[in-house]
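J.: Input file: input-v9.txt. Contents: compact mmCIF, C-alpha atoms.
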# COMPACT_ATOMS: atom_id res chain seq x y z
CA MET W 203 0.00 0.00 0.00
CA SER W 204 1.32 3.42 -0.84
CA MET W 205 1.16 6.29 1.65
CA ALA W 206 -1.71 8.66 0.95
CA VAL W 207 -0.68 12.20 0.04
CA ALA W 208 -1.64 14.51 2.92
CA VAL W 209 -4.29 17.15 2.31
CA PRO W 210 -2.38 20.46 2.10
CA PRO W 211 -3.53 23.56 4.00
CA PHE W 212 -6.32 25.19 1.98
CA GLU W 213 -4.14 28.25 1.30
CA THR W 214 -1.62 26.05 -0.50
CA PHE W 215 -4.35 24.33 -2.52
CA TYR W 216 -5.96 27.65 -3.43
CA GLU W 217 -2.68 29.34 -4.42
CA SER W 218 -1.67 26.33 -6.54
CA HIS W 219 -4.87 26.23 -8.59
CA LYS W 220 -6.58 29.62 -8.52
CA THR W 221 -4.98 30.95 -11.71
CA GLU W 222 -5.75 27.88 -13.74
CA VAL W 223 -9.30 27.57 -12.45
CA PHE W 224 -9.95 31.19 -13.34
CA ARG W 225 -8.58 30.72 -16.87
CA PHE W 226 -10.67 27.58 -17.30
CA LEU W 227 -13.79 29.52 -16.22
CA VAL W 228 -13.05 32.47 -18.52
CA ARG W 229 -12.82 30.05 -21.44
CA ARG W 230 -16.08 28.36 -20.48
CA VAL W 231 -18.29 31.35 -19.61
CA GLY W 232 -16.39 34.55 -20.38
CA ARG W 233 -14.82 37.10 -18.07
CA ASP W 234 -18.01 38.36 -16.38
CA GLY W 235 -19.50 34.98 -15.58
CA ALA W 236 -16.11 33.71 -14.49
CA GLU W 237 -15.86 36.15 -11.57
CA ASP W 238 -18.90 34.77 -9.77
CA ALA W 239 -18.14 31.21 -10.77
CA PHE W 240 -14.59 31.56 -9.45
CA GLN W 241 -15.73 32.55 -5.99
CA GLU W 242 -18.40 29.86 -5.93
CA THR W 243 -15.91 27.20 -7.06
CA PHE W 244 -13.51 27.81 -4.20
CA LEU W 245 -16.28 28.31 -1.63
CA ARG W 246 -17.68 24.94 -2.66
CA ALA W 247 -14.22 23.41 -2.43
CA LEU W 248 -13.72 24.96 1.00
CA ARG W 249 -17.06 23.64 2.27
CA ALA W 250 -16.01 20.11 1.32
CA TYR W 251 -12.35 20.47 2.19
CA ASP W 252 -12.37 19.02 5.70
CA ARG W 253 -13.94 15.84 4.34
CA LEU W 254 -11.14 15.12 1.86
CA GLU W 255 -9.32 11.93 2.78
CA HIS W 256 -6.14 12.51 0.80
CA GLY W 257 -4.44 15.19 -1.25
CA GLU W 258 -4.30 13.40 -4.61
CA HIS W 259 -5.76 14.77 -7.85
CA LEU W 260 -6.70 18.07 -6.25
CA ARG W 261 -6.19 19.88 -9.54
CA ALA W 262 -8.72 17.67 -11.30
CA TRP W 263 -11.00 18.01 -8.31
CA ALA W 264 -10.88 21.82 -8.48
CA LEU W 265 -11.53 21.86 -12.22
CA THR W 266 -14.37 19.36 -11.82
CA ILE W 267 -16.04 21.64 -9.28
CA ALA W 268 -15.51 24.64 -11.57
CA ASN W 269 -17.09 22.74 -14.41
CA ARG W 270 -20.05 21.71 -12.29
CA ILE W 271 -20.62 25.35 -11.30
CA VAL W 272 -20.69 26.24 -15.01
CA LEU W 273 -23.23 23.50 -15.74
CA ASP W 274 -25.38 24.44 -12.73
CA GLY W 275 -25.36 28.05 -13.90
CA ALA W 276 -26.35 27.05 -17.43
CA ARG W 277 -29.19 24.94 -16.07
CA ARG W 278 -30.47 27.84 -13.96
CA ARG W 279 -30.37 30.24 -16.87
CA ARG W 280 -32.34 27.90 -19.13
CA PRO W 281 -35.06 26.32 -17.02
CA THR W 282 -36.94 25.10 -20.09
CA GLY W 283 -34.27 22.54 -20.67
CA GLU W 284 -32.78 23.40 -24.02
CA MET W 285 -29.43 22.50 -22.42
CA PRO W 286 -28.55 18.85 -22.60
CA GLU W 287 -29.82 17.99 -19.14
CA LEU W 288 -28.11 14.65 -18.71
CA VAL W 289 -30.86 13.55 -16.36
CA THR W 290 -31.67 9.88 -15.94
CA GLU W 291 -35.17 8.40 -15.81
CA ASP W 292 -35.74 8.91 -12.11
CA GLY W 293 -34.82 12.56 -12.48
CA ARG W 294 -31.46 12.50 -10.75
CA PRO W 295 -28.58 14.21 -12.54
CA ALA W 296 -26.36 11.83 -14.39
CA TYR W 297 -23.36 12.53 -12.20
CA GLU W 298 -25.26 11.35 -9.11
CA GLU W 299 -26.38 8.22 -10.92
CA LEU W 300 -22.76 7.49 -11.76
CA ALA W 301 -21.40 7.88 -8.26
CA PRO W 302 -22.13 4.37 -6.88
CA LEU W 303 -20.83 2.77 -10.08
CA THR W 304 -17.56 4.63 -10.10
CA ASP W 305 -16.75 4.58 -6.38
CA ASP W 306 -14.31 1.70 -6.65
CA LEU W 307 -12.46 2.90 -9.75
CA PRO W 308 -8.89 4.18 -9.54
CA PRO W 309 -9.06 8.00 -9.18
CA LYS W 310 -7.97 8.89 -12.70
CA GLU W 311 -10.37 6.47 -14.40
CA ARG W 312 -13.11 7.59 -12.08
CA ALA W 313 -12.56 11.25 -12.88
CA ALA W 314 -12.48 10.51 -16.61
CA VAL W 315 -15.71 8.48 -16.52
CA VAL W 316 -17.54 11.01 -14.39
CA LEU W 317 -16.42 13.99 -16.46
CA ARG W 318 -17.27 12.21 -19.72
CA TYR W 319 -20.60 10.58 -18.89
CA GLY W 320 -21.71 12.64 -15.90
CA TYR W 321 -20.77 16.07 -17.21
CA ASP W 322 -20.59 15.47 -20.92
CA LEU W 323 -17.12 17.00 -21.20
CA GLY W 324 -15.07 16.42 -24.33
CA TYR W 325 -11.92 14.34 -24.03
CA ASP W 326 -9.82 17.41 -24.71
CA GLU W 327 -11.39 19.17 -21.71
CA ILE W 328 -11.04 16.08 -19.55
CA GLY W 329 -7.40 15.75 -20.53
CA GLU W 330 -6.95 19.34 -19.47
CA ALA W 331 -8.76 18.84 -16.18
CA LEU W 332 -6.64 15.80 -15.36
CA GLY W 333 -3.39 17.39 -16.40
CA SER W 334 -2.77 14.90 -19.20
CA THR W 335 -3.71 14.57 -22.85
CA GLU W 336 -6.86 14.01 -24.85
CA SER W 337 -5.85 10.47 -25.75
CA ALA W 338 -4.89 9.61 -22.16
CA ALA W 339 -8.31 10.87 -21.05
CA ARG W 340 -10.01 8.70 -23.69
CA GLN W 341 -8.01 5.67 -22.54
CA ALA W 342 -8.76 6.32 -18.86
CA ALA W 343 -12.49 6.65 -19.54
CA SER W 344 -12.69 3.46 -21.58
CA ALA W 345 -10.58 1.56 -19.06
CA GLY W 346 -12.99 2.76 -16.37
CA VAL W 347 -16.03 1.64 -18.35
CA ARG W 348 -14.46 -1.79 -18.97
CA ARG W 349 -13.76 -2.14 -15.27
CA ILE W 350 -17.36 -1.21 -14.35
CA ARG W 351 -18.71 -3.76 -16.85
CA LYS W 352 -16.46 -6.47 -15.46
CA GLU W 353 -17.48 -5.74 -11.89
CA LYS W 354 -21.19 -5.74 -12.76
CA GLN W 355 -21.00 -9.20 -14.31
CA MET P 51 -5.34 39.95 -20.73
CA THR P 52 -8.88 39.11 -19.77
CA ASP P 53 -8.13 35.86 -18.02
CA ILE P 54 -5.87 37.29 -15.31
CA LEU P 55 -7.13 36.81 -11.77
CA THR P 56 -7.10 40.29 -10.21
CA PRO P 57 -6.01 40.90 -6.59
CA ASP P 58 -9.47 42.33 -6.01
CA LEU P 59 -11.18 39.09 -6.99
CA ASP P 60 -8.71 37.14 -4.87
CA GLU P 61 -9.48 39.30 -1.84
CA ARG P 62 -13.21 39.02 -2.45
CA PHE P 63 -12.97 35.23 -2.27
CA ARG P 64 -10.95 35.41 0.95
CA ALA P 65 -13.50 37.79 2.49
CA ALA P 66 -16.43 35.60 1.42
CA ALA P 67 -14.78 32.48 2.86
CA THR P 68 -14.26 34.31 6.15
CA ALA P 69 -17.78 35.77 6.25
CA GLU P 70 -19.26 32.31 5.73
CA GLY P 71 -17.35 31.02 8.76
CA LEU P 72 -15.60 28.30 6.79
CA LEU P 73 -12.07 28.72 8.17
CA ASP P 74 -10.30 26.69 10.82
CA VAL P 75 -7.53 29.29 10.94
CA ALA P 76 -7.29 32.77 9.41
CA TYR P 77 -3.76 34.11 9.28
CA ASP P 78 -1.83 37.06 7.98
CA VAL P 79 1.81 38.10 7.85
CA PHE P 80 2.81 41.58 9.03
CA ASP P 81 6.03 42.50 7.29
CA ASP P 82 6.54 45.90 8.79
CA THR P 83 6.72 45.53 12.58
CA ALA P 84 9.56 46.70 14.81
CA MET P 85 10.12 43.01 15.57
CA GLY P 86 10.48 42.04 11.91
CA PRO P 87 7.93 39.95 10.03
CA LEU P 88 5.28 38.32 12.20
CA LEU P 89 2.78 35.64 11.23
CA VAL P 90 -0.42 35.79 13.27
CA GLY P 91 -3.04 33.03 13.30
CA VAL P 92 -6.58 33.30 14.67
CA THR P 93 -9.37 30.73 15.11
CA ASP P 94 -13.00 31.40 15.99
CA ARG P 95 -11.90 31.04 19.64
CA GLY P 96 -9.02 33.49 19.59
CA VAL P 97 -5.36 34.04 18.75
CA CYS P 98 -3.61 30.69 18.29
CA ARG P 99 -0.21 31.62 16.88
CA ILE P 100 2.41 34.33 16.59
CA THR P 101 5.62 33.41 14.77
CA PHE P 102 8.76 35.50 14.24
CA ASP P 103 10.45 35.31 10.80
CA PRO P 104 7.86 32.81 9.58
CA SER P 105 8.49 30.37 6.78
CA PRO P 106 4.83 30.23 5.75
CA GLU P 107 4.78 26.80 4.15
CA ARG P 108 5.94 24.99 7.27
CA GLU P 109 3.88 27.24 9.50
CA LEU P 110 0.64 26.58 7.59
CA GLU P 111 1.18 22.85 7.76
CA GLN P 112 1.64 23.01 11.53
CA LEU P 113 -1.52 25.10 11.90
CA ALA P 114 -3.44 22.65 9.69
CA ARG P 115 -2.29 19.70 11.81
CA VAL P 116 -3.49 21.24 15.06
CA TYR P 117 -6.59 23.18 14.06
CA GLY P 118 -7.79 21.72 10.73
CA SER P 119 -6.87 22.00 7.06
CA ARG P 120 -9.01 25.05 6.24
CA VAL P 121 -6.20 27.56 6.77
CA LEU P 122 -6.46 30.72 4.67
CA ARG P 123 -4.84 34.15 4.62
CA SER P 124 -7.53 36.62 5.57
CA THR P 125 -7.07 40.12 6.86
CA LYS P 126 -10.25 40.89 8.71
CA PRO P 127 -10.13 38.40 11.62
CA ILE P 128 -6.55 39.51 12.31
CA GLN P 129 -7.20 43.28 12.36
CA ARG P 130 -7.75 43.50 16.10
CA VAL P 131 -4.52 41.62 16.90
CA HIS P 132 -2.63 43.73 14.39
CA LEU P 133 -3.85 46.91 16.03
CA GLU P 134 -3.03 45.78 19.57
CA LEU P 135 0.43 44.55 18.53
CA ASP P 136 1.13 47.88 16.84
CA GLU P 137 0.02 49.80 19.93
CA TYR P 138 2.12 47.59 22.19
CA LEU P 139 5.23 47.85 20.03
CA GLU P 140 4.83 51.64 19.93
CA GLY P 141 4.66 51.72 23.73
CA ARG P 142 0.99 52.78 23.79
CA ARG P 143 -0.41 49.55 25.26
CA ARG P 144 0.56 47.54 28.35
CA ASP P 145 -2.00 44.71 28.33
CA PHE P 146 -3.52 42.74 25.52
CA ASP P 147 -7.27 42.42 25.39
CA LEU P 148 -7.47 39.28 23.26
CA GLU P 149 -8.99 35.82 23.54
CA LEU P 150 -6.45 32.99 23.11
CA ASP P 151 -6.90 29.52 21.64
CA LEU P 152 -4.48 27.09 23.31
CA ARG P 153 -6.14 23.89 22.11
CA GLY P 154 -3.84 20.90 21.92
CA GLN P 155 -1.39 22.10 24.60
CA PRO P 156 -0.59 19.49 27.27
CA ASP P 157 -1.86 20.20 30.81
CA PHE P 158 1.53 21.16 32.22
CA TYR P 159 2.04 23.63 29.35
CA LEU P 160 -1.38 25.16 30.02
CA ARG P 161 -0.60 25.60 33.72
CA VAL P 162 2.73 27.22 32.97
CA LEU P 163 1.31 29.46 30.23
CA SER P 164 -1.55 30.65 32.42
CA GLU P 165 0.92 31.54 35.19
CA LEU P 166 3.07 33.26 32.58
CA ALA P 167 0.07 35.35 31.51
CA ARG P 168 0.01 36.88 35.05
CA VAL P 169 3.54 38.28 34.82
CA GLY P 170 2.85 41.96 34.26
CA TYR P 171 4.23 44.59 31.89
CA GLY P 172 7.74 45.69 32.80
CA GLU P 173 8.22 42.89 35.37
CA THR P 174 10.46 39.88 35.08
CA THR P 175 10.39 36.50 36.78
CA THR P 176 12.63 33.43 36.70
CA TYR P 177 12.15 29.95 35.28
CA GLY P 178 12.31 28.54 38.83
CA THR P 179 9.68 30.92 40.19
CA LEU P 180 7.35 30.15 37.32
CA ALA P 181 7.92 26.42 37.91
CA ALA P 182 6.99 26.83 41.58
CA ARG P 183 3.85 28.84 40.72
CA SER P 184 2.85 26.12 38.29
CA GLY P 185 3.00 23.57 41.10
CA ASN P 186 6.38 21.97 40.44
CA PRO P 187 9.34 23.92 41.93
CA ARG P 188 11.92 21.54 40.44
CA ALA P 189 10.66 21.89 36.86
CA ALA P 190 12.64 25.02 35.93
CA ARG P 191 14.18 23.27 32.93
CA ALA P 192 10.79 22.02 31.73
CA VAL P 193 9.47 25.57 32.08
CA GLY P 194 12.32 26.65 29.81
CA THR P 195 11.06 24.17 27.20
CA VAL P 196 7.50 25.51 27.50
CA MET P 197 8.81 29.06 26.99
CA ASN P 198 10.79 27.96 23.96
CA ARG P 199 7.65 26.42 22.41
CA ASN P 200 5.30 29.25 23.41
CA PRO P 201 2.80 29.39 20.51
CA ILE P 202 1.83 33.03 21.18
CA PRO P 203 4.97 34.99 22.14
CA ILE P 204 4.67 38.72 22.96
CA VAL P 205 1.02 38.28 24.02
CA LEU P 206 2.03 35.42 26.36
CA PRO P 207 5.09 37.24 27.68
CA CYS P 208 7.83 34.61 27.78
CA HIS P 209 10.29 37.46 27.21
CA ARG P 210 9.67 38.40 30.88
CA VAL P 211 11.20 35.13 32.11
CA VAL P 212 14.95 35.30 32.81
CA GLY P 213 17.63 33.20 34.50
CA ALA P 214 18.02 33.12 38.30
CA ASN P 215 21.17 35.28 37.98
CA GLY P 216 19.32 37.84 35.88
CA SER P 217 20.81 36.77 32.54
CA LEU P 218 18.41 36.77 29.61
CA THR P 219 19.17 33.06 28.97
CA GLY P 220 17.29 32.40 25.71
CA TYR P 221 14.34 33.27 23.50
CA GLY P 222 12.55 31.37 20.73
CA GLY P 223 12.59 34.50 18.55
CA GLY P 224 16.28 35.24 19.20
CA LEU P 225 17.87 37.00 22.19
CA HIS P 226 17.96 40.37 20.42
CA ARG P 227 14.16 40.36 20.33
CA LYS P 228 13.91 39.47 24.01
CA GLU P 229 16.18 42.38 24.76
CA MET P 230 14.13 44.73 22.57
CA LEU P 231 10.89 43.78 24.30
CA LEU P 232 12.31 44.12 27.81
CA ARG P 233 13.81 47.48 26.89
CA LEU P 234 10.49 48.61 25.40
CA GLU P 235 8.78 47.74 28.70
CA GLY P 236 11.49 49.47 30.73
CA ALA P 237 12.45 46.22 32.46
CA ILE P 238 16.08 46.69 31.41
CA LEU P 239 17.98 49.78 30.44
Written as structure tokens, that's how I'd like the structure from this file.

T.:
Amino acid sequence: MSMAVAVPPFETFYESHKTEVFRFLVRRVGRDGAEDAFQETFLRALRAYDRLEHGEHLRAWALTIANRIVLDGARRRRPTGEMPELVTEDGRPAYEELAPLTDDLPPKERAAVVLRYGYDLGYDEIGEALGSTESAARQAASAGVRRIRKEKQ
Amino acid sequence: MTDILTPDLDERFRAAATAEGLLDVAYDVFDDTAMGPLLVGVTDRGVCRITFDPSPERELEQLARVYGSRVLRSTKPIQRVHLELDEYLEGRRRDFDLELDLRGQPDFYLRVLSELARVGYGETTTYGTLAARSGNPRAARAVGTVMNRNPIPIVLPCHRVVGANGSLTGYGGGLHRKEMLLRLEGAIL
């Protein structure tokens, strides 16, 4: 078993990722929308921060939260549902539906599957969120799906 | 560039995080004091840390270990401490009116630190006397260790504790600072 990476003090986490999260948000929603979304992203991260069990993949975690804020905002602005809603039959958002299936996946595969099928991100965006490449993201997502299939059999 | 995070936006996040009560520790570094740079940490219970010449990375990790990982630089909760420290260092204040958070300190340390808190402005005492007041007259050396690890120097006045022969002995922040503080208070010439 490898030693888990300790959760850094929030200041360290925030300073390491704030610039990149802000750039990501500007690209997704433009400068004006990004200002609110930026604050909300790190407040949401801070609210969950004391429940983190290790300090791995915090960059992907931050970008995933940022992306969720963008999607939540889009959903609020278009209540009639012209956005792809990604809602399953019982009305829960797709990313909630995915959670129990992906719990046991290795973190990178899990992130790739959730971002792809829960948030409908492109592989280029997922690669960016995970700090790797488009093709690595594609591989991680398909490896994750294979693993889920195998475990469900 | 439109995708640069402005200092204003950064400060707004820090203020919002503070206002929502999400922090285990708020801290700030004062670069401009007569004692050199000071890092001050505050929890919702009170002041928990003052460090001379801080190396922030190590300091933040220690704070996170004791008080929780949600440690963030934030000016507002520290303002009161900043003001009182300024007044004290300019000779305009003799007593601090601040709550302290000494969570995680062993019992003996708490006894010694609370006795230390009663040593008044401009007075000095000895390690042995403080040991006796804390209930263990033979623990002078252990009292020295407690002074050396004092989490809130200046406010908890370990600079007022000297050797039995009157020598300054030692100080966690360096002897020159101990001397400065005692001179400020008129305890030495």

J.: Taking all atoms listed in the file into account, name the residue in W:Glu330, W:Asp274, W:Glu311, W:Glu353 that is nearest to W:Glu242.

T.: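 Of W:Glu330, W:Asp274, W:Glu311, W:Glu353, the one nearest W:Glu242, counting all atoms listed in the file, is W:Asp274.
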
J.: Which distance in Å separates atom CA of P:Phe102 and atom CA of P:Ala181, to one decimal?

T.: 25.4 Å

J.: Can you check which residues of chain W have any atom within 12 Å of chain P? Use only C-alpha atoms and format it as an NGL selection string.

T.: :W and (208-217 or 219-257)

J.: Using only C-alpha atoms, what residues lie at most 8 Å away from (-14.1, 14.0, -11.0) (file coordinates), given as a list of chain:residue names?

T.: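 The residues near that point, listed by chain and number, are W:Ala262, W:Trp263, W:Thr266, W:Arg312, W:Ala313, W:Ala314, W:Val315, W:Val316, W:Leu317.
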
J.: Which distance in Å separates atom CA of P:Val90 and atom CA of P:Ser184, to one decimal?

T.: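 Pair atom CA of P:Val90 / atom CA of P:Ser184 returns 27.0 Å.
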
J.: Within 9 Å of P:Gly220, counting all atoms listed in the file, which residues show up once you throw out same-chain ones fewer than 5 positions away? Write them as a list in words, please.

T.: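 Near P:Gly220, the qualifying residues are Gly194, Asn198, His209, Val212, Gly213, Leu225 and Lys228 of chain P.
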
J.: One decimal, in Å: what's the spacing between atom CA of P:Leu234 and atom CA of P:Leu89?

T.: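 We find that atom CA of P:Leu234 and atom CA of P:Leu89 lie 20.7 Å from each other.
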
J.: Smallest atom-to-atom distance to P:Leu180: which of P:Ile202, P:Val131, P:Val211, P:Leu152, using only C-alpha atoms?

T.: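 Looking at the shortest contact to P:Leu180, the residue is P:Val211.
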
J.: Which residue gives the smallest distance to P:Glu134 among P:Val92, P:Val205, P:Gly154, P:Val193, with all atoms listed in the file counted?

T.: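 Ranked by minimum distance to P:Glu134, first place goes to P:Val205.
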